[in-house]
Amino acid sequence: MAKLTQLIDNEVFRAYATYTVIVLLKMMLMSLITAYFRITRKAFVNPEDTAVFGKGESAKKNLRTDPDVERVRRGHLNDLENIVPFLGIGLLYALSGPELSTALLHFRIFAGARIVHTFAYLIPLPQPSRGLSWAVGYTVTILMAYRVLKTALYL
């Protein structure tokens, strides 16, 4: 089994770690953006969150949904649905021995597609920008999975 120091010395693994941190930070930012929209739109789902705005009926009016908050939440959910598979498949891909240039291309395209997808969701940009950015990121993950299955597993 490879020692941790050998793994850290592996350029492909370091590239994977770099782009994983980038997309995870982007996904974490979506939580902050959701909180910002909830506060500025005064749209909460939990009664205890409305206590800042008063008690009784004045607080209850803030227990509601807001289209802007829901839009950010859907973008965050889409991140969870796409970044989590990238984490596992990307790690296996990085450990399968790809060329550094090919791995960087995969990681950069995925990270770029997820960033474009977030802007397309939040601004919002006209379709097909959001759909295409999702498809590009998803395709990259599928291609990495194919490489893992082709080279690292006994099929």
# chains A, B, ... in the order shown; residues from 1 in each chain; ligands from 1
$ closest_atom_pairs --of "region 28-91 of chain A" --to "region 107-129 of chain A" --cutoff "9 Å" --atoms "only C-alpha atoms" --output "JSON lines"
{"residue": "A:Met30", "atom": "CA", "partner": "A:Thr118", "partner_atom": "CA", "distance": 8.7}
{"residue": "A:Asp68", "atom": "CA", "partner": "A:Leu122", "partner_atom": "CA", "distance": 8.6}
{"residue": "A:Arg71", "atom": "CA", "partner": "A:Tyr121", "partner_atom": "CA", "distance": 7.2}
{"residue": "A:Val72", "atom": "CA", "partner": "A:Leu122", "partner_atom": "CA", "distance": 6.5}
{"residue": "A:Arg74", "atom": "CA", "partner": "A:Tyr121", "partner_atom": "CA", "distance": 8.5}
{"residue": "A:Gly75", "atom": "CA", "partner": "A:Tyr121", "partner_atom": "CA", "distance": 6.2}
{"residue": "A:His76", "atom": "CA", "partner": "A:Thr118", "partner_atom": "CA", "distance": 8.4}
{"residue": "A:Asp79", "atom": "CA", "partner": "A:Arg114", "partner_atom": "CA", "distance": 7.6}
{"residue": "A:Asn82", "atom": "CA", "partner": "A:Arg114", "partner_atom": "CA", "distance": 8.6}
{"residue": "A:Ile83", "atom": "CA", "partner": "A:Arg114", "partner_atom": "CA", "distance": 8.4}
{"residue": "A:Phe86", "atom": "CA", "partner": "A:Phe110", "partner_atom": "CA", "distance": 8.5}
{"residue": "A:Gly90", "atom": "CA", "partner": "A:Phe107", "partner_atom": "CA", "distance": 8.1}
$ residues_around --residues "Tyr16 (chain A)" --least-positions-apart "2" --cutoff "12 Å" --atoms "only C-alpha atoms" --output "JSON, numbers by chain"
{"A": [7, 8, 10, 11, 12, 13, 14, 18, 19, 20, 21, 22, 23, 24, 86, 87, 88, 89, 90, 91, 92, 93, 94, 95, 98, 100, 101, 102, 103, 104, 105, 106, 107, 108, 110, 111, 144]}
$ closest_residue --among "A:Thr141, A:Ser96, A:Gln6, A:Thr34" --to "Val69 (chain A)" --atoms "only C-alpha atoms"
A:Thr34
$ residues_around --residues "Asn46 (chain A)" --least-positions-apart "5" --cutoff "12 Å" --atoms "only C-alpha atoms" --output "list in words"
Arg38, Ala51, Ala59, Lys60, Lys61, Asn62, Leu63, Arg64 and Thr65 of chain A
$ select_by_dssp --residues "region 44-130 of chain A" --states "alpha helix (DSSP H)" --output "PyMOL selection string"
chain A and resi 57-60+67-95+100-122+129-130
$ atom_distance --atom1 "CA of Leu143 (chain A)" --atom2 "CA of Met27 (chain A)"
22.1 Å
$ atom_distance --atom1 "CA of Tyr146 (chain A)" --atom2 "CA of Gly97 (chain A)"
13.4 Å
$ closest_residue --among "A:Phe53, A:Phe37, A:Phe44, A:Trp134" --to "Glu81 (chain A)" --atoms "only C-alpha atoms"
A:Trp134
